[in-house]
file data.cif (mmCIF, C-alpha atoms)
data_input
#
loop_
_atom_site.label_atom_id
_atom_site.label_comp_id
_atom_site.auth_asym_id
_atom_site.auth_seq_id
_atom_site.Cartn_x
_atom_site.Cartn_y
_atom_site.Cartn_z
CA MET J 1 65.98 132.24 93.75
CA GLY J 2 68.81 134.30 92.34
CA ALA J 3 71.99 132.72 91.04
CA GLN J 4 74.17 134.28 93.71
CA LEU J 5 71.98 133.16 96.57
CA ARG J 6 71.94 129.63 95.17
CA VAL J 7 75.74 129.55 95.09
CA TYR J 8 75.93 130.64 98.73
CA LYS J 9 73.34 128.08 99.82
CA ARG J 10 75.27 125.34 98.06
CA ARG J 11 78.55 126.30 99.74
CA ILE J 12 76.92 126.46 103.16
CA LYS J 13 75.58 122.95 102.63
CA SER J 14 78.97 121.54 101.68
CA VAL J 15 80.79 123.27 104.55
CA THR J 16 78.17 121.96 106.98
CA ALA J 17 78.81 118.42 105.74
CA THR J 18 82.56 118.90 106.17
CA LYS J 19 82.03 120.27 109.65
CA LYS J 20 80.04 117.18 110.62
CA ILE J 21 82.87 114.95 109.42
CA THR J 22 85.63 116.87 111.21
CA LYS J 23 83.53 117.00 114.38
CA ALA J 24 83.14 113.21 114.26
CA MET J 25 86.88 112.75 113.66
CA GLU J 26 87.64 115.04 116.58
CA MET J 27 85.50 112.97 118.92
CA ILE J 28 86.95 109.68 117.70
CA ALA J 29 90.49 111.00 118.20
CA ALA J 30 89.61 112.25 121.67
CA SER J 31 88.43 108.81 122.75
CA ARG J 32 91.51 107.20 121.21
CA VAL J 33 93.87 109.51 123.09
CA VAL J 34 92.37 108.33 126.35
CA LYS J 35 92.72 104.71 125.27
CA ALA J 36 96.33 105.23 124.18
CA GLN J 37 97.15 107.02 127.44
CA ARG J 38 95.71 104.09 129.35
CA LYS J 39 97.97 101.77 127.39
CA VAL J 40 101.01 103.88 128.24
CA ALA J 41 100.04 103.70 131.90
CA ALA J 42 99.50 99.93 131.71
CA SER J 43 102.96 99.37 130.27
CA THR J 44 104.67 101.44 132.96
CA PRO J 45 104.99 98.75 135.69
CA TYR J 46 106.82 96.44 133.30
CA ALA J 47 109.16 99.22 132.18
CA THR J 48 109.91 100.30 135.75
CA GLU J 49 110.64 96.77 136.93
CA LEU J 50 112.81 96.13 133.90
CA THR J 51 114.78 99.34 134.49
CA ARG J 52 115.32 98.29 138.09
CA ALA J 53 116.57 94.89 136.99
CA VAL J 54 118.93 96.36 134.39
CA THR J 55 120.31 98.73 136.99
CA ALA J 56 120.76 95.86 139.40
CA VAL J 57 122.83 93.86 136.94
CA GLY J 58 124.70 96.94 135.80
CA THR J 59 125.76 97.91 139.29
CA GLY J 60 126.07 94.41 140.71
CA SER J 61 128.46 93.01 138.14
CA ASN J 62 131.22 94.11 135.80
CA THR J 63 130.02 92.30 132.73
CA ASN J 64 130.61 93.68 129.29
CA HIS J 65 127.95 93.29 126.69
CA PRO J 66 127.82 94.47 123.05
CA LEU J 67 124.69 96.44 123.88
CA THR J 68 126.39 98.40 126.64
CA THR J 69 129.98 98.81 125.45
CA GLU J 70 130.80 102.11 123.89
CA PRO J 71 132.73 101.57 120.64
CA GLU J 72 135.99 103.53 120.46
CA THR J 73 134.99 105.25 117.26
CA ALA J 74 131.44 105.06 116.06
CA THR J 75 131.32 105.04 112.27
CA ARG J 76 127.79 103.93 111.52
CA SER J 77 124.57 104.77 113.31
CA ALA J 78 120.97 103.76 112.92
CA VAL J 79 118.10 106.18 113.34
CA LEU J 80 114.65 104.82 114.13
CA LEU J 81 111.94 107.29 113.17
CA LEU J 82 108.40 106.84 114.45
CA THR J 83 105.67 108.45 112.37
CA SER J 84 102.03 107.55 111.81
CA ASP J 85 100.27 105.69 109.02
CA ARG J 86 97.66 108.34 108.49
CA GLY J 87 97.80 112.10 108.23
CA LEU J 88 95.18 114.69 109.23
CA ALA J 89 97.21 115.31 112.35
CA GLY J 90 98.51 118.83 111.82
CA ALA J 91 102.27 119.09 112.00
CA PHE J 92 102.69 115.77 113.86
CA ASN J 93 104.49 113.85 111.12
CA SER J 94 106.43 116.74 109.66
CA ASN J 95 107.76 117.62 113.11
CA ALA J 96 108.98 114.07 113.68
CA ILE J 97 110.52 113.93 110.20
CA LYS J 98 112.19 117.29 110.71
CA ALA J 99 113.67 116.13 114.02
CA ALA J 100 115.02 113.02 112.27
CA GLU J 101 116.53 115.14 109.50
CA ARG J 102 118.23 117.37 112.05
CA LEU J 103 119.63 114.36 113.88
CA THR J 104 120.82 112.78 110.64
CA ALA J 105 122.57 116.01 109.66
CA ARG J 106 124.25 116.19 113.06
CA LEU J 107 125.44 112.59 112.91
CA GLU J 108 126.71 113.04 109.38
CA ALA J 109 128.59 116.14 110.46
CA GLU J 110 130.30 113.93 113.04
CA GLY J 111 131.41 111.71 110.18
CA LYS J 112 129.00 108.85 110.73
CA GLU J 113 127.08 106.95 108.13
CA VAL J 114 123.38 106.88 108.92
CA ASP J 115 120.95 104.03 108.28
CA ILE J 116 117.33 105.04 108.63
CA TYR J 117 114.62 102.73 109.95
CA ILE J 118 111.06 104.00 109.70
CA VAL J 119 107.76 103.11 111.34
CA GLY J 120 104.62 104.55 109.74
CA ARG J 121 103.48 105.10 106.17
CA ARG J 122 103.92 108.89 106.34
CA GLY J 123 107.62 108.72 107.07
CA VAL J 124 108.14 106.00 104.47
CA ALA J 125 106.34 108.10 101.85
CA HIS J 126 108.47 111.13 102.71
CA TYR J 127 111.72 109.21 102.20
CA ASN J 128 110.51 107.32 99.14
CA PHE J 129 109.43 110.54 97.46
CA ARG J 130 112.94 111.91 97.89
CA GLU J 131 114.34 108.57 96.74
CA ARG J 132 116.38 108.12 99.88
CA LYS J 133 117.37 104.72 101.10
CA ILE J 134 115.41 103.16 103.95
CA ALA J 135 117.13 100.33 105.78
CA GLU J 136 113.88 98.82 107.01
CA GLN J 137 110.27 99.93 107.33
CA TRP J 138 107.19 98.85 109.23
CA THR J 139 103.63 100.03 108.67
CA GLY J 140 100.09 99.17 109.70
CA PHE J 141 100.15 99.28 113.49
CA THR J 142 100.85 102.88 114.47
CA ASP J 143 97.32 103.58 115.72
CA GLU J 144 97.36 100.81 118.29
CA PRO J 145 100.81 99.27 118.65
CA SER J 146 101.08 95.98 120.53
CA TYR J 147 104.11 94.55 122.28
CA ALA J 148 104.54 92.06 119.43
CA ASP J 149 104.91 95.04 117.06
CA ALA J 150 107.63 96.50 119.26
CA LYS J 151 109.42 93.14 119.17
CA LYS J 152 109.15 93.10 115.38
CA VAL J 153 110.80 96.52 115.22
CA ALA J 154 113.45 95.81 117.83
CA GLY J 155 114.60 92.50 116.30
CA PRO J 156 116.46 93.79 113.22
CA LEU J 157 117.81 96.75 115.18
CA ILE J 158 119.37 94.59 117.86
CA GLU J 159 120.73 92.33 115.15
CA ALA J 160 122.28 95.33 113.39
CA ILE J 161 123.93 96.59 116.53
CA GLU J 162 125.39 93.19 117.37
CA LYS J 163 126.97 92.95 113.92
CA ASP J 164 130.34 94.54 113.26
CA SER J 165 130.06 97.92 111.60
CA ALA J 166 132.42 96.71 108.86
CA GLU J 167 129.88 94.03 107.91
CA GLY J 168 126.97 96.42 107.65
CA GLY J 169 126.13 96.59 111.32
CA VAL J 170 125.79 99.80 113.29
CA ASP J 171 127.56 101.18 116.34
CA GLU J 172 124.75 103.17 117.84
CA LEU J 173 121.01 103.46 117.69
CA HIS J 174 119.06 106.69 117.97
CA ILE J 175 115.32 106.95 118.21
CA VAL J 176 113.13 109.87 117.13
CA TYR J 177 109.56 109.93 118.38
CA THR J 178 106.89 112.31 119.56
CA GLU J 179 106.69 112.53 123.30
CA PHE J 180 103.25 112.87 124.79
CA ILE J 181 103.54 115.60 127.40
CA SER J 182 99.89 116.55 127.73
CA MET J 183 96.72 116.75 125.66
CA MET J 184 97.88 120.10 124.32
CA THR J 185 101.63 119.58 124.12
CA GLN J 186 103.53 116.93 122.22
CA SER J 187 107.06 117.39 121.05
CA ALA J 188 109.31 115.43 118.73
CA ILE J 189 112.43 114.35 120.58
CA ASP J 190 115.47 112.27 119.77
CA GLY J 191 117.51 110.15 122.10
CA ARG J 192 120.24 107.56 121.99
CA LEU J 193 118.95 104.11 122.84
CA LEU J 194 122.09 102.06 122.29
CA PRO J 195 124.74 101.51 123.39
CA LEU J 196 122.98 101.68 126.67
CA SER J 197 124.74 103.71 129.27
CA LEU J 198 124.17 101.83 132.50
CA GLU J 199 125.01 104.93 134.50
CA GLU J 200 122.12 106.79 132.91
CA VAL J 201 119.73 103.95 133.57
CA ALA J 202 120.96 103.82 137.12
CA GLU J 203 120.39 107.54 137.53
CA GLU J 204 116.88 107.19 136.22
CA SER J 205 115.90 104.72 138.90
CA LYS J 206 118.08 106.20 141.62
CA SER J 207 116.07 109.37 141.50
CA LYS J 208 113.57 107.49 143.63
CA GLY J 209 116.29 107.23 146.23
CA GLU J 210 116.68 103.51 146.69
CA ILE J 211 119.82 101.50 147.27
CA LEU J 212 119.93 98.31 145.31
CA PRO J 213 120.85 95.13 147.13
CA LEU J 214 123.48 92.71 145.93
CA TYR J 215 121.66 90.23 143.78
CA ASP J 216 122.21 86.56 143.28
CA PHE J 217 122.12 85.87 139.55
CA GLU J 218 120.44 82.83 138.16
CA PRO J 219 122.09 81.29 136.12
CA SER J 220 124.84 83.98 135.85
CA ALA J 221 125.17 87.72 135.52
CA GLU J 222 126.20 87.45 131.86
CA ASP J 223 123.23 85.28 130.95
CA VAL J 224 120.82 87.51 132.79
CA LEU J 225 122.22 90.57 131.05
CA ASP J 226 122.06 88.74 127.73
CA ALA J 227 118.37 88.07 128.21
CA LEU J 228 117.59 91.36 129.90
CA LEU J 229 119.02 93.95 127.53
CA PRO J 230 117.07 93.04 124.39
CA ARG J 231 113.89 93.05 126.51
CA TYR J 232 114.85 96.47 127.83
CA VAL J 233 115.33 97.81 124.31
CA GLU J 234 112.00 96.29 123.25
CA SER J 235 110.23 97.85 126.17
CA ARG J 236 111.74 101.26 125.39
CA ILE J 237 110.66 100.98 121.78
CA TYR J 238 107.20 99.83 122.90
CA ASN J 239 106.93 102.84 125.16
CA ALA J 240 108.01 105.15 122.32
CA LEU J 241 105.45 103.56 119.98
CA LEU J 242 102.68 104.04 122.52
CA GLN J 243 103.63 107.65 123.22
CA SER J 244 103.83 108.35 119.53
CA ALA J 245 100.36 106.84 119.03
CA ALA J 246 98.93 108.91 121.88
CA SER J 247 100.57 112.05 120.47
CA LYS J 248 99.22 111.34 117.02
CA HIS J 249 95.67 111.05 118.31
CA ALA J 250 96.06 114.21 120.36
CA ALA J 251 97.41 116.05 117.31
CA THR J 252 94.52 114.75 115.20
CA ARG J 253 92.06 115.89 117.82
CA ARG J 254 93.54 119.38 117.85
CA ALA J 255 93.73 119.63 114.06
CA MET J 256 90.15 118.45 113.71
CA LYS J 257 88.96 120.84 116.40
CA SER J 258 90.41 123.82 114.58
CA ALA J 259 88.96 122.49 111.31
CA THR J 260 85.53 122.31 112.96
CA ASP J 261 85.92 125.83 114.36
CA ASN J 262 86.98 127.15 110.98
CA ALA J 263 84.02 125.47 109.29
CA GLY J 264 81.73 127.13 111.86
CA ASP J 265 83.22 130.56 111.13
CA LEU J 266 82.89 129.94 107.41
CA ILE J 267 79.25 128.95 107.77
CA ASN J 268 78.59 132.13 109.75
CA SER J 269 80.14 134.46 107.20
CA LEU J 270 78.55 132.59 104.31
CA SER J 271 75.09 132.82 105.85
CA ARG J 272 75.59 136.56 106.36
CA LEU J 273 76.49 136.89 102.68
CA ALA J 274 73.52 134.73 101.73
CA ASN J 275 71.20 136.88 103.85
CA ALA J 276 72.54 140.05 102.24
CA ALA J 277 72.09 138.51 98.79
CA ARG J 278 68.50 137.52 99.62
CA GLN J 279 67.74 140.98 100.96
CA ALA J 280 69.23 142.61 97.88
CA GLU J 281 67.09 140.34 95.72
CA ILE J 282 63.91 141.29 97.60
CA THR J 283 64.75 144.99 97.44
CA GLN J 284 65.35 144.69 93.75
CA GLU J 285 62.07 142.85 93.21
CA ILE J 286 60.13 145.49 95.15
CA SER J 287 61.69 148.35 93.27
CA GLU J 288 60.96 146.53 90.01
CA ILE J 289 57.30 146.11 91.00
CA VAL J 290 57.02 149.70 92.18
CA GLY J 291 58.74 150.91 89.04
CA GLY J 292 56.47 148.70 86.95
CA THR J 293 53.23 149.95 88.54
CA ALA J 294 54.37 153.55 88.29
CA ALA J 295 55.11 153.11 84.63
CA LEU J 296 51.76 151.41 84.12
CA ALA J 297 49.94 154.16 86.04
CA ASP J 298 51.68 156.80 83.93
CA ALA J 299 50.72 154.99 80.77
CA THR J 300 47.01 154.66 81.68
CA ALA J 301 46.88 158.25 82.92
CA GLY J 302 48.26 159.36 79.55
CA SER J 303 45.71 157.36 77.51
CA ASP J 304 42.78 158.73 79.53
CA LYS J 305 43.48 162.26 78.43
CA MET Y 1 100.90 84.95 161.11
CA ALA Y 2 103.40 83.60 158.67
CA ALA Y 3 105.83 85.92 156.95
CA GLU Y 4 104.69 87.23 153.62
CA LEU Y 5 106.20 88.55 150.48
CA HIS Y 6 104.67 90.94 148.03
CA VAL Y 7 104.29 89.62 144.50
CA GLU Y 8 103.86 91.64 141.33
CA LEU Y 9 103.20 89.66 138.18
CA VAL Y 10 103.45 92.06 135.24
CA ALA Y 11 103.19 91.46 131.53
CA ALA Y 12 104.52 93.91 128.96
CA ASP Y 13 101.16 95.58 128.45
CA ARG Y 14 99.40 95.16 131.80
CA SER Y 15 99.73 94.23 135.41
CA VAL Y 16 98.40 90.67 135.71
CA TRP Y 17 98.32 89.94 139.42
CA SER Y 18 99.62 91.44 142.59
CA GLY Y 19 99.21 90.52 146.21
CA GLU Y 20 100.74 88.87 149.25
CA ALA Y 21 102.09 85.35 149.10
CA THR Y 22 103.97 82.86 151.23
CA LEU Y 23 105.66 80.88 148.46
CA VAL Y 24 106.36 81.37 144.78
CA VAL Y 25 107.66 78.60 142.57
CA ALA Y 26 108.96 79.47 139.13
CA ARG Y 27 111.13 77.77 136.57
CA THR Y 28 114.41 79.48 135.74
CA THR Y 29 116.79 78.36 133.04
CA SER Y 30 118.75 76.38 135.62
CA GLY Y 31 115.78 74.69 137.23
CA ASP Y 32 112.74 75.25 139.40
CA ILE Y 33 113.22 77.76 142.15
CA GLY Y 34 111.06 78.38 145.17
CA VAL Y 35 111.09 81.78 146.83
CA MET Y 36 109.85 82.28 150.37
CA PRO Y 37 109.85 85.44 152.46
CA GLY Y 38 113.35 86.53 153.44
CA HIS Y 39 115.05 84.93 150.47
CA GLN Y 40 118.28 86.56 149.46
CA PRO Y 41 118.11 89.09 146.60
CA LEU Y 42 117.75 87.19 143.37
CA LEU Y 43 117.56 87.95 139.69
CA GLY Y 44 116.89 85.10 137.32
CA VAL Y 45 115.84 84.32 133.78
CA LEU Y 46 112.56 82.45 133.51
CA GLU Y 47 111.77 79.59 131.19
CA SER Y 48 108.35 79.36 129.62
CA GLY Y 49 106.26 77.48 132.10
CA PRO Y 50 103.71 77.68 134.85
CA VAL Y 51 104.40 79.83 137.88
CA MET Y 52 102.75 78.84 141.15
CA ILE Y 53 101.98 81.47 143.76
CA ARG Y 54 100.69 80.36 147.17
CA THR Y 55 98.77 83.33 148.49
CA SER Y 56 98.75 84.25 152.16
CA ASP Y 57 95.08 83.29 152.53
CA GLY Y 58 95.92 79.73 151.55
CA GLY Y 59 94.82 79.87 147.93
CA THR Y 60 96.95 79.10 144.93
CA VAL Y 61 97.36 81.23 141.85
CA VAL Y 62 98.84 79.64 138.77
CA ALA Y 63 99.94 81.65 135.78
CA ALA Y 64 101.48 80.72 132.46
CA VAL Y 65 104.47 82.89 131.64
CA HIS Y 66 106.25 82.91 128.32
CA GLY Y 67 109.81 83.92 129.00
CA GLY Y 68 110.79 86.72 131.32
CA PHE Y 69 112.52 87.42 134.60
CA VAL Y 70 112.10 86.98 138.27
CA SER Y 71 113.61 89.46 140.67
CA PHE Y 72 113.40 89.45 144.42
CA ALA Y 73 114.59 92.05 146.90
CA ASP Y 74 113.29 93.55 150.16
CA ASN Y 75 110.57 90.95 150.37
CA LYS Y 76 109.20 92.14 147.04
CA LEU Y 77 109.09 89.67 144.20
CA SER Y 78 108.54 90.82 140.62
CA LEU Y 79 107.75 88.42 137.84
CA LEU Y 80 108.26 90.11 134.48
CA ALA Y 81 107.01 88.41 131.38
CA GLU Y 82 106.31 89.50 127.86
CA ILE Y 83 103.13 87.45 127.99
CA ALA Y 84 101.57 86.21 131.21
CA GLU Y 85 98.15 84.73 131.78
CA LEU Y 86 96.43 83.53 134.89
CA SER Y 87 95.27 79.93 134.62
CA ASP Y 88 91.61 80.87 134.99
CA GLU Y 89 91.94 83.26 132.06
CA ILE Y 90 93.12 80.47 129.82
CA ASP Y 91 90.59 78.99 127.45
CA VAL Y 92 91.40 75.26 127.62
CA LYS Y 93 89.58 74.32 124.44
CA ARG Y 94 91.31 77.06 122.53
CA ALA Y 95 94.71 76.09 123.89
CA GLU Y 96 94.06 72.45 122.94
CA ARG Y 97 93.07 73.47 119.45
CA ALA Y 98 96.16 75.67 119.22
CA LEU Y 99 98.32 72.75 120.36
CA GLU Y 100 96.92 70.46 117.68
CA ARG Y 101 97.28 73.10 115.03
CA ALA Y 102 100.84 73.84 116.09
CA LYS Y 103 101.68 70.12 115.99
CA SER Y 104 100.34 69.71 112.48
CA ASP Y 105 102.08 72.89 111.31
CA ALA Y 106 105.29 71.84 113.09
CA ASP Y 107 105.43 75.29 114.66
CA ALA Y 108 107.67 74.67 117.65
CA SER Y 109 107.16 77.99 119.43
CA ALA Y 110 103.38 77.94 119.07
CA GLU Y 111 103.37 74.36 120.32
CA ARG Y 112 105.41 75.38 123.36
CA ARG Y 113 103.10 78.28 124.10
CA ALA Y 114 99.99 76.12 123.94
CA ASP Y 115 101.70 73.44 126.02
CA VAL Y 116 102.63 75.94 128.73
CA ARG Y 117 99.04 77.15 128.88
CA LEU Y 118 97.69 73.63 129.26
CA ARG Y 119 100.23 72.74 131.94
CA ALA Y 120 99.29 75.87 133.86
CA VAL Y 121 95.66 74.81 133.79
CA ALA Y 122 96.55 71.24 134.82
CA THR Y 123 98.41 72.40 137.94
CA ARG Y 124 95.52 74.58 139.01
#
call {"tool": "encode", "arguments": {"input": "data.cif", "output": "structure tokens"}}
result
Amino acid sequence: MGAQLRVYKRRIKSVTATKKITKAMEMIAASRVVKAQRKVAASTPYATELTRAVTAVGTGSNTNHPLTTEPETATRSAVLLLTSDRGLAGAFNSNAIKAAERLTARLEAEGKEVDIYIVGRRGVAHYNFRERKIAEQWTGFTDEPSYADAKKVAGPLIEAIEKDSAEGGVDELHIVYTEFISMMTQSAIDGRLLPLSLEEVAEESKSKGEILPLYDFEPSAEDVLDALLPRYVESRIYNALLQSAASKHAATRRAMKSATDNAGDLINSLSRLANAARQAEITQEISEIVGGTAALADATAGSDK
Amino acid sequence: MAAELHVELVAADRSVWSGEATLVVARTTSGDIGVMPGHQPLLGVLESGPVMIRTSDGGTVVAAVHGGFVSFADNKLSLLAEIAELSDEIDVKRAERALERAKSDADASAERRADVRLRAVATR
């Protein structure tokens, strides 16, 4: 076998191995998307009921709460960025990071100091590499977040917002995550989580066209709101974590699918080249043999004379 | 037929139980509260504890809830809890072991969780 043909054969073998791996990763990601979507759906009843309850307290009483009162001048904000622990997901992480950077720039232009909180090793690595300060970071659960993880993330954030901004607390909390729109579309979005605007929450649930009754609060409206709002924030963060996980798996699936397709194309073109090389080798061998016999025949014909 | 109310028991990550009931007893921070059909709209904070649901076919469903809320309006009762388990899902041996472990570790919240589970099973 000629040297060139051997090189081609070797490359085809390695690309085939890569293709097998990416194909497997694609299928794993596809099954995980479905699982993550199911988790999003399972968490919806809780979120809906909680939204209803928050709206009920918000409209049924005039209580003020640090999580709902708009500060006169916001000087410090927190940004929670949700990325994934692992890459191989196309532009998933860089899109989320870019959205966070844009938001940070906007907030800084408004004269606010920004604290960044990050979920996921990719985001942490990005900020560490640029030696930028991270207020708090969490890693290790982005593939399958549980409610306990959401609580872990929400805890310090709620604490920070309840503290005075002069003592290192924050006035508002923004969240950047990747919304799962469909298998093919996911987009990084940012939104303000706190202070919660009760009107917005009310609008969200009013869209279903229901009038809320006047509730009796047990023990009191303030206490209910006290207990309710942190849960609401947790459930929003939980929902964002789940959507981000579903988006990550969908992005991985797509990236791995195009990697598999590319490997297939590469194998095709490489085998064509290999075939051409083999053919060229055979042609050369034949012409060598023919040339050889002709030379031999000439030589014997000459000696006979 | 007696009046009924619709009950939805939902945990943060799943819907645990839903169906028709005639009476629901839950523990709020200010004491046990019983809700029957036609109760006035109510929104309360739940303590960790067992919740008893008397279903319309005469059966009883007991669940252990760990914190959460109860809200009632339009004959629809929602029990929201971060963690909720039906009593027949609870592994008694495991809960007992957890209780002992929590006692020896002096872990108050784990002890309370295990205790709530066991009480839910006892009222079954």
call {"tool": "atom_distance", "arguments": {"input": "data.cif", "atom1": "atom CA of Y:Ala102", "atom2": "atom CA of J:Tyr46"}}
result
29.0 Å
call {"tool": "closest_residue", "arguments": {"input": "data.cif", "among": "Y:Leu79, Y:Ala12, Y:Ala110, Y:Val65", "to": "Y:Val35", "atoms": "only C-alpha atoms"}}
result
Y:Leu79
call {"tool": "atom_distance", "arguments": {"input": "data.cif", "atom1": "atom CA of Y:Leu77", "atom2": "atom CA of Y:Leu9"}}
result
8.4 Å
call {"tool": "resolve_selection", "arguments": {"input": "data.cif", "expression": "the PyMOL selection byres ((chain Y) within 8 of (chain J))", "output": "NGL selection string"}}
result
:Y and (10-15 or 28-30 or 40-45 or 69 or 71 or 73 or 78 or 80 or 82)
call {"tool": "residues_around", "arguments": {"input": "data.cif", "residues": "stretch 91-97 of chain J", "least_positions_apart": "5", "cutoff": "12 Å", "atoms": "all atoms listed in the file", "output": "ChimeraX atom specification"}}
result
/J:79-86,102-104,116-127,175-180,185-190,244-255
call {"tool": "resolve_selection", "arguments": {"input": "data.cif", "expression": "the PyMOL selection byres ((chain Y and resi 55) around 8)", "output": "JSON, numbers by chain"}}
result
{"Y": [19, 20, 21, 22, 23, 53, 54, 56, 57, 58, 59, 60, 61]}
call {"tool": "residues_around", "arguments": {"input": "data.cif", "residues": "Y:Ser18", "least_positions_apart": "5", "cutoff": "8 Å", "atoms": "all atoms listed in the file", "output": "PyMOL selection string"}}
result
chain Y and resi 6-9
call {"tool": "write_last_selection", "arguments": {"input": "data.cif", "atoms": "C-alpha atoms", "output": "short mmCIF file (atom, residue, chain, number, x, y, z; two decimals), in the frame of the given file"}}
result
data_model
loop_
_atom_site.label_atom_id
_atom_site.label_comp_id
_atom_site.auth_asym_id
_atom_site.auth_seq_id
_atom_site.Cartn_x
_atom_site.Cartn_y
_atom_site.Cartn_z
CA HIS Y 6 104.67 90.94 148.03
CA VAL Y 7 104.29 89.62 144.50
CA GLU Y 8 103.86 91.64 141.33
CA LEU Y 9 103.20 89.66 138.18
#
call {"tool": "atom_distance", "arguments": {"input": "data.cif", "atom1": "atom CA of J:Lys20", "atom2": "atom CA of J:Gln243"}}
result
28.4 Å
call {"tool": "closest_residue", "arguments": {"input": "data.cif", "among": "J:Ala24, J:Tyr232, J:Glu101, J:Ala30", "to": "Y:Ala81", "atoms": "only C-alpha atoms"}}
result
J:Tyr232
call {"tool": "resolve_selection", "arguments": {"input": "data.cif", "expression": "the PyMOL selection byres ((chain J and resi 9) around 10)", "output": "list in words"}}
result
Gln4, Leu5, Arg6, Val7, Tyr8, Arg10, Arg11, Ile12, Lys13, Ser14, Ile267, Leu270, Ser271, Leu273, Ala274 and Asn275 of chain J
call {"tool": "write_last_selection", "arguments": {"input": "data.cif", "atoms": "C-alpha atoms", "output": "PDB file, in the frame of the given file"}}
result
ATOM      1  CA  GLN J   4      74.170 134.280  93.710  1.00  0.00           C
ATOM      2  CA  LEU J   5      71.980 133.160  96.570  1.00  0.00           C
ATOM      3  CA  ARG J   6      71.940 129.630  95.170  1.00  0.00           C
ATOM      4  CA  VAL J   7      75.740 129.550  95.090  1.00  0.00           C
ATOM      5  CA  TYR J   8      75.930 130.640  98.730  1.00  0.00           C
ATOM      6  CA  ARG J  10      75.270 125.340  98.060  1.00  0.00           C
ATOM      7  CA  ARG J  11      78.550 126.300  99.740  1.00  0.00           C
ATOM      8  CA  ILE J  12      76.920 126.460 103.160  1.00  0.00           C
ATOM      9  CA  LYS J  13      75.580 122.950 102.630  1.00  0.00           C
ATOM     10  CA  SER J  14      78.970 121.540 101.680  1.00  0.00           C
ATOM     11  CA  ILE J 267      79.250 128.950 107.770  1.00  0.00           C
ATOM     12  CA  LEU J 270      78.550 132.590 104.310  1.00  0.00           C
ATOM     13  CA  SER J 271      75.090 132.820 105.850  1.00  0.00           C
ATOM     14  CA  LEU J 273      76.490 136.890 102.680  1.00  0.00           C
ATOM     15  CA  ALA J 274      73.520 134.730 101.730  1.00  0.00           C
ATOM     16  CA  ASN J 275      71.200 136.880 103.850  1.00  0.00           C
TER      17      ASN J 275
END
call {"tool": "residues_around", "arguments": {"input": "data.cif", "residues": "Y:Glu111", "least_positions_apart": "4", "cutoff": "9 Å", "atoms": "all atoms listed in the file", "output": "JSON, numbers by chain"}}
result
{"Y": [98, 99, 100, 101, 102, 103, 106, 107, 115, 116]}
call {"tool": "write_last_selection", "arguments": {"input": "data.cif", "atoms": "C-alpha atoms", "output": "mmCIF file, keeping the file's coordinate frame"}}
result
data_model
loop_
_atom_site.group_PDB
_atom_site.id
_atom_site.type_symbol
_atom_site.label_atom_id
_atom_site.label_comp_id
_atom_site.auth_asym_id
_atom_site.auth_seq_id
_atom_site.Cartn_x
_atom_site.Cartn_y
_atom_site.Cartn_z
ATOM 1 C CA ALA Y 98 96.160 75.670 119.220
ATOM 2 C CA LEU Y 99 98.320 72.750 120.360
ATOM 3 C CA GLU Y 100 96.920 70.460 117.680
ATOM 4 C CA ARG Y 101 97.280 73.100 115.030
ATOM 5 C CA ALA Y 102 100.840 73.840 116.090
ATOM 6 C CA LYS Y 103 101.680 70.120 115.990
ATOM 7 C CA ALA Y 106 105.290 71.840 113.090
ATOM 8 C CA ASP Y 107 105.430 75.290 114.660
ATOM 9 C CA ASP Y 115 101.700 73.440 126.020
ATOM 10 C CA VAL Y 116 102.630 75.940 128.730
#
call {"tool": "axis_aligned_box", "arguments": {"input": "data.cif", "around": "stretch 290-304 of chain J", "padding_each_side": "8 Å", "output": "lines of an AutoDock Vina configuration file"}}
result
center_x = 50.8
center_y = 154.0
center_z = 84.8
size_x = 32.0
size_y = 26.7
size_z = 30.7
call {"tool": "closest_residue", "arguments": {"input": "data.cif", "among": "Y:Ala108, Y:Leu118, Y:Met36, Y:Leu5", "to": "Y:Asp91", "atoms": "only C-alpha atoms"}}
result
Y:Leu118
call {"tool": "closest_residue", "arguments": {"input": "data.cif", "among": "J:Pro71, J:Gly87, J:Gly191, J:Gly302", "to": "J:Ser165", "atoms": "all atoms listed in the file"}}
result
J:Pro71
call {"tool": "closest_residue", "arguments": {"input": "data.cif", "among": "Y:Trp17, Y:Gly68, Y:Arg112, Y:Ile33", "to": "Y:Ser87", "atoms": "all atoms listed in the file"}}
result
Y:Trp17
call {"tool": "closest_residue", "arguments": {"input": "data.cif", "among": "J:Leu194, J:Met25, J:Ala109, J:Leu157", "to": "J:Leu88", "atoms": "only C-alpha atoms"}}
result
J:Met25
